[in-house]
Amino acid sequence: MFMRPTAALAALFFVSTAPLALAADKPTDPQIAHIAYTADTIDIEAAKLAIKKSKNKEVVDFAKDMERDHEAVNKQALDLVKKLKVTPEDNDTSKALAKAAKEERAKLAKLKGAAFDKAYIENEVAYHKQVNGALETLLIPSASNAELKSLLETGLKIFQGHQQHAEHVAGMLK
Amino acid sequence: MRPLLLAPALALALSASPAFAATIEITIDKLVFSPANVQAKVGDTIEWTNKDILAHTATVKGGWDVMIPAKSTGKVTLKAAGAVDYFCRFHPNMKGHVEVAP
């Protein structure tokens with residue numbers, strides 16, 4: 001493995017439901033801000049694709065909820081980094097997240113109808129599970145600024161709700 | 001009987017003049033309705049204060065649907081007696097319960 005631990009961690013996103021291992025090198029606040037913003041943006045992009053492609057009301061409603069909530073969280077994150085005068089810093093975790101998301105979007109773009117709905121929702125369950133795991137075990141414990149930590153904790157509550165919502169919709173699609 | 005949830009002074013005032021409708025306050029913080037269970041009477045108003053950065057709703061299936069924007073409030077005046085379960089349409093795992101006495 002030539003990957004750095006953080007990149008290896010991020011590579012787990014999307015492809016595995018195995019518990020996340022703790023990265024040896026803790027991300028800094030500017031990196032955490034970048035990871036959080038990237039993770040949010042990925043879910044907004046996926047939601048936009050689902051709103052465009054899906055004909056299932058439950059799926060479209062869920063996607064609209066994702067778009068609305070993640071945009072609200074991102075706005076808070078941007079306001080906070082501005083206030084703290086922190087410049088979000090790109091890093092291996094963000095890059096790996098963005099790469100995996102691009103692949104997932106390409107996969108989803110080829111699917112239609114019920115197959116799309118199922119793949120989108122299942123990915124939403126897995127994605128939120130992974131992001132929540134990363135927030136709990138890595139990002140929140142690593143954040144040194146109290147306001148950033150608090151925003152991440154709020155984000156965790158929100159995304160745990162999203163995970164339950166996604167699991168509920170996934171159950172309905174079966 | 002007035003609900004125990006109200007401030008004692010308010011409860012006293014209301015029990016002395018039962019014609020006045022009460023306002024029952026519920027806070028939303030980090031996707032939780034608090035208190036989740038309230039008791040009210042027909043004519044009372046429920047007011048939700050949303051501390052979250054997200055919009056929420058208080059929705060009863062086949063009943064009221066109150067929008068509660070982020071960092072804002074929403075309210076409903078109770079018109080019918082009975083117990084109702086409500087939830088947030090945007091976050092269906094958020095749930096609350098109101099018992100409305102006639």
# chains A, B, ... in the order shown; residues from 1 in each chain; ligands from 1
>>> interface_residues(of="chain A", to="chain B", cutoff="8 Å", atoms="only C-alpha atoms", output="ChimeraX atom specification")
/A:62,65,68-69,72-73,76,154,157-158,161-162,164-165
>>> residues_around(residues="Ala40 of chain B", least_positions_apart="3", cutoff="10 Å", atoms="only C-alpha atoms", output="ChimeraX atom specification")
/B:1-3,5,21-24,43-46,78,81-83,98-102
>>> select_by_dssp(residues="chain B", states="alpha helix (DSSP H)", output="list in words")
Pro8, Ala9, Leu10, Ala11, Leu12, Ala13, Leu14, Ser15 and Ala16 of chain B
>>> residues_around(residues="Pro88 of chain A", least_positions_apart="6", cutoff="10 Å", atoms="only C-alpha atoms", output="PyMOL selection string")
chain A and resi 28-37+78+81-82
>>> write_last_selection(atoms="N, CA and C atoms", output="PDB file, in the first residue's frame")
ATOM      1  N   THR A  28      -5.909  18.393  10.316  1.00  0.00           N
ATOM      2  CA  THR A  28      -5.932  19.708  10.964  1.00  0.00           C
ATOM      3  C   THR A  28      -7.299  20.357  10.708  1.00  0.00           C
ATOM      4  N   ASP A  29      -7.590  21.446  11.412  1.00  0.00           N
ATOM      5  CA  ASP A  29      -8.875  22.125  11.230  1.00  0.00           C
ATOM      6  C   ASP A  29      -9.116  22.557   9.769  1.00  0.00           C
ATOM      7  N   PRO A  30      -8.123  23.173   9.105  1.00  0.00           N
ATOM      8  CA  PRO A  30      -8.371  23.546   7.697  1.00  0.00           C
ATOM      9  C   PRO A  30      -8.667  22.324   6.816  1.00  0.00           C
ATOM     10  N   GLN A  31      -8.043  21.189   7.151  1.00  0.00           N
ATOM     11  CA  GLN A  31      -8.319  19.960   6.397  1.00  0.00           C
ATOM     12  C   GLN A  31      -9.700  19.408   6.732  1.00  0.00           C
ATOM     13  N   ILE A  32     -10.051  19.448   8.006  1.00  0.00           N
ATOM     14  CA  ILE A  32     -11.374  18.961   8.428  1.00  0.00           C
ATOM     15  C   ILE A  32     -12.468  19.767   7.736  1.00  0.00           C
ATOM     16  N   ALA A  33     -12.286  21.103   7.708  1.00  0.00           N
ATOM     17  CA  ALA A  33     -13.274  21.963   7.050  1.00  0.00           C
ATOM     18  C   ALA A  33     -13.419  21.559   5.585  1.00  0.00           C
ATOM     19  N   HIS A  34     -12.310  21.261   4.959  1.00  0.00           N
ATOM     20  CA  HIS A  34     -12.336  20.878   3.546  1.00  0.00           C
ATOM     21  C   HIS A  34     -13.015  19.523   3.354  1.00  0.00           C
ATOM     22  N   ILE A  35     -12.717  18.581   4.229  1.00  0.00           N
ATOM     23  CA  ILE A  35     -13.328  17.243   4.141  1.00  0.00           C
ATOM     24  C   ILE A  35     -14.848  17.354   4.336  1.00  0.00           C
ATOM     25  N   ALA A  36     -15.249  18.129   5.343  1.00  0.00           N
ATOM     26  CA  ALA A  36     -16.676  18.262   5.641  1.00  0.00           C
ATOM     27  C   ALA A  36     -17.412  18.896   4.460  1.00  0.00           C
ATOM     28  N   TYR A  37     -16.806  19.956   3.911  1.00  0.00           N
ATOM     29  CA  TYR A  37     -17.430  20.646   2.787  1.00  0.00           C
ATOM     30  C   TYR A  37     -17.509  19.723   1.568  1.00  0.00           C
ATOM     31  N   LEU A  78     -19.270  27.430   5.632  1.00  0.00           N
ATOM     32  CA  LEU A  78     -18.597  28.547   4.951  1.00  0.00           C
ATOM     33  C   LEU A  78     -18.589  29.800   5.817  1.00  0.00           C
ATOM     34  N   VAL A  81     -15.877  29.217   8.535  1.00  0.00           N
ATOM     35  CA  VAL A  81     -14.470  29.350   8.126  1.00  0.00           C
ATOM     36  C   VAL A  81     -14.125  30.808   7.836  1.00  0.00           C
ATOM     37  N   LYS A  82     -15.136  31.542   7.344  1.00  0.00           N
ATOM     38  CA  LYS A  82     -14.909  32.977   7.095  1.00  0.00           C
ATOM     39  C   LYS A  82     -14.671  33.696   8.418  1.00  0.00           C
TER      40      LYS A  82
END
>>> decode(residues="segment 7-95 of chain B", atoms="C-alpha atoms", output="PDB file, in the first residue's frame")
ATOM      1  CA  ALA B   7     -45.211  27.614  34.353  1.00  0.00           C
ATOM      2  CA  PRO B   8     -47.078  27.523  37.666  1.00  0.00           C
ATOM      3  CA  ALA B   9     -48.099  31.188  37.504  1.00  0.00           C
ATOM      4  CA  LEU B  10     -49.485  30.756  34.034  1.00  0.00           C
ATOM      5  CA  ALA B  11     -51.281  27.587  35.049  1.00  0.00           C
ATOM      6  CA  LEU B  12     -52.816  29.390  37.986  1.00  0.00           C
ATOM      7  CA  ALA B  13     -53.934  32.310  35.849  1.00  0.00           C
ATOM      8  CA  LEU B  14     -55.441  29.956  33.326  1.00  0.00           C
ATOM      9  CA  SER B  15     -57.255  27.799  35.803  1.00  0.00           C
ATOM     10  CA  ALA B  16     -58.729  30.970  37.270  1.00  0.00           C
ATOM     11  CA  SER B  17     -59.968  32.048  33.853  1.00  0.00           C
ATOM     12  CA  PRO B  18     -60.361  28.947  31.724  1.00  0.00           C
ATOM     13  CA  ALA B  19     -61.670  30.900  28.738  1.00  0.00           C
ATOM     14  CA  PHE B  20     -58.149  32.033  27.849  1.00  0.00           C
ATOM     15  CA  ALA B  21     -56.285  29.822  25.449  1.00  0.00           C
ATOM     16  CA  ALA B  22     -52.737  28.895  26.320  1.00  0.00           C
ATOM     17  CA  THR B  23     -49.636  28.812  24.189  1.00  0.00           C
ATOM     18  CA  ILE B  24     -47.604  25.668  24.563  1.00  0.00           C
ATOM     19  CA  GLU B  25     -43.985  26.023  23.653  1.00  0.00           C
ATOM     20  CA  ILE B  26     -41.917  23.273  22.097  1.00  0.00           C
ATOM     21  CA  THR B  27     -38.260  23.665  21.234  1.00  0.00           C
ATOM     22  CA  ILE B  28     -36.526  21.962  18.341  1.00  0.00           C
ATOM     23  CA  ASP B  29     -32.805  21.478  18.911  1.00  0.00           C
ATOM     24  CA  LYS B  30     -30.564  19.127  16.926  1.00  0.00           C
ATOM     25  CA  LEU B  31     -33.553  17.388  15.328  1.00  0.00           C
ATOM     26  CA  VAL B  32     -35.430  16.705  18.542  1.00  0.00           C
ATOM     27  CA  PHE B  33     -38.854  18.027  19.593  1.00  0.00           C
ATOM     28  CA  SER B  34     -38.672  18.914  23.270  1.00  0.00           C
ATOM     29  CA  PRO B  35     -40.842  18.114  25.088  1.00  0.00           C
ATOM     30  CA  ALA B  36     -41.892  15.368  22.716  1.00  0.00           C
ATOM     31  CA  ASN B  37     -45.202  14.832  24.495  1.00  0.00           C
ATOM     32  CA  VAL B  38     -47.522  17.682  25.439  1.00  0.00           C
ATOM     33  CA  GLN B  39     -51.070  18.060  26.654  1.00  0.00           C
ATOM     34  CA  ALA B  40     -53.329  20.832  25.434  1.00  0.00           C
ATOM     35  CA  LYS B  41     -56.925  21.899  25.073  1.00  0.00           C
ATOM     36  CA  VAL B  42     -58.949  22.806  22.034  1.00  0.00           C
ATOM     37  CA  GLY B  43     -58.251  26.473  21.315  1.00  0.00           C
ATOM     38  CA  ASP B  44     -54.674  26.348  22.650  1.00  0.00           C
ATOM     39  CA  THR B  45     -51.787  27.235  20.383  1.00  0.00           C
ATOM     40  CA  ILE B  46     -48.633  25.226  20.011  1.00  0.00           C
ATOM     41  CA  GLU B  47     -45.563  27.211  19.103  1.00  0.00           C
ATOM     42  CA  TRP B  48     -42.373  25.521  17.963  1.00  0.00           C
ATOM     43  CA  THR B  49     -39.076  27.365  18.240  1.00  0.00           C
ATOM     44  CA  ASN B  50     -36.545  25.944  15.828  1.00  0.00           C
ATOM     45  CA  LYS B  51     -32.944  26.409  16.996  1.00  0.00           C
ATOM     46  CA  ASP B  52     -31.551  24.315  14.158  1.00  0.00           C
ATOM     47  CA  ILE B  53     -29.926  25.573  10.987  1.00  0.00           C
ATOM     48  CA  LEU B  54     -32.410  23.417   9.067  1.00  0.00           C
ATOM     49  CA  ALA B  55     -36.043  23.905   8.180  1.00  0.00           C
ATOM     50  CA  HIS B  56     -38.479  21.524   9.875  1.00  0.00           C
ATOM     51  CA  THR B  57     -42.191  20.839   9.807  1.00  0.00           C
ATOM     52  CA  ALA B  58     -44.712  19.639  12.343  1.00  0.00           C
ATOM     53  CA  THR B  59     -47.033  17.495  10.303  1.00  0.00           C
ATOM     54  CA  VAL B  60     -49.995  15.315  11.167  1.00  0.00           C
ATOM     55  CA  LYS B  61     -50.993  12.780   8.545  1.00  0.00           C
ATOM     56  CA  GLY B  62     -54.294  14.061   7.178  1.00  0.00           C
ATOM     57  CA  GLY B  63     -54.123  17.025   9.572  1.00  0.00           C
ATOM     58  CA  TRP B  64     -52.096  20.156  10.152  1.00  0.00           C
ATOM     59  CA  ASP B  65     -48.810  20.842   8.443  1.00  0.00           C
ATOM     60  CA  VAL B  66     -46.762  23.629  10.015  1.00  0.00           C
ATOM     61  CA  MET B  67     -43.599  24.974   8.387  1.00  0.00           C
ATOM     62  CA  ILE B  68     -40.910  25.901  10.897  1.00  0.00           C
ATOM     63  CA  PRO B  69     -38.039  27.639   9.089  1.00  0.00           C
ATOM     64  CA  ALA B  70     -34.464  27.484  10.386  1.00  0.00           C
ATOM     65  CA  LYS B  71     -33.839  29.716  13.417  1.00  0.00           C
ATOM     66  CA  SER B  72     -37.497  30.662  13.430  1.00  0.00           C
ATOM     67  CA  THR B  73     -40.891  29.672  14.799  1.00  0.00           C
ATOM     68  CA  GLY B  74     -44.110  28.108  13.603  1.00  0.00           C
ATOM     69  CA  LYS B  75     -47.458  27.664  15.279  1.00  0.00           C
ATOM     70  CA  VAL B  76     -50.796  25.973  15.065  1.00  0.00           C
ATOM     71  CA  THR B  77     -54.047  26.550  16.925  1.00  0.00           C
ATOM     72  CA  LEU B  78     -55.657  23.291  17.958  1.00  0.00           C
ATOM     73  CA  LYS B  79     -59.197  22.939  16.655  1.00  0.00           C
ATOM     74  CA  ALA B  80     -60.090  19.339  17.373  1.00  0.00           C
ATOM     75  CA  ALA B  81     -59.881  17.149  20.461  1.00  0.00           C
ATOM     76  CA  GLY B  82     -58.004  13.874  20.449  1.00  0.00           C
ATOM     77  CA  ALA B  83     -54.475  12.539  20.534  1.00  0.00           C
ATOM     78  CA  VAL B  84     -52.297  13.114  17.499  1.00  0.00           C
ATOM     79  CA  ASP B  85     -48.833  12.026  16.467  1.00  0.00           C
ATOM     80  CA  TYR B  86     -46.874  14.475  14.404  1.00  0.00           C
ATOM     81  CA  PHE B  87     -43.536  14.272  12.617  1.00  0.00           C
ATOM     82  CA  CYS B  88     -41.196  16.360  10.489  1.00  0.00           C
ATOM     83  CA  ARG B  89     -41.730  15.770   6.764  1.00  0.00           C
ATOM     84  CA  PHE B  90     -38.072  16.550   6.055  1.00  0.00           C
ATOM     85  CA  HIS B  91     -36.736  14.363   8.870  1.00  0.00           C
ATOM     86  CA  PRO B  92     -39.315  11.639   9.421  1.00  0.00           C
ATOM     87  CA  ASN B  93     -37.470  10.251  12.421  1.00  0.00           C
ATOM     88  CA  MET B  94     -38.396  13.430  14.341  1.00  0.00           C
ATOM     89  CA  LYS B  95     -41.631  12.675  16.188  1.00  0.00           C
TER      90      LYS B  95
END
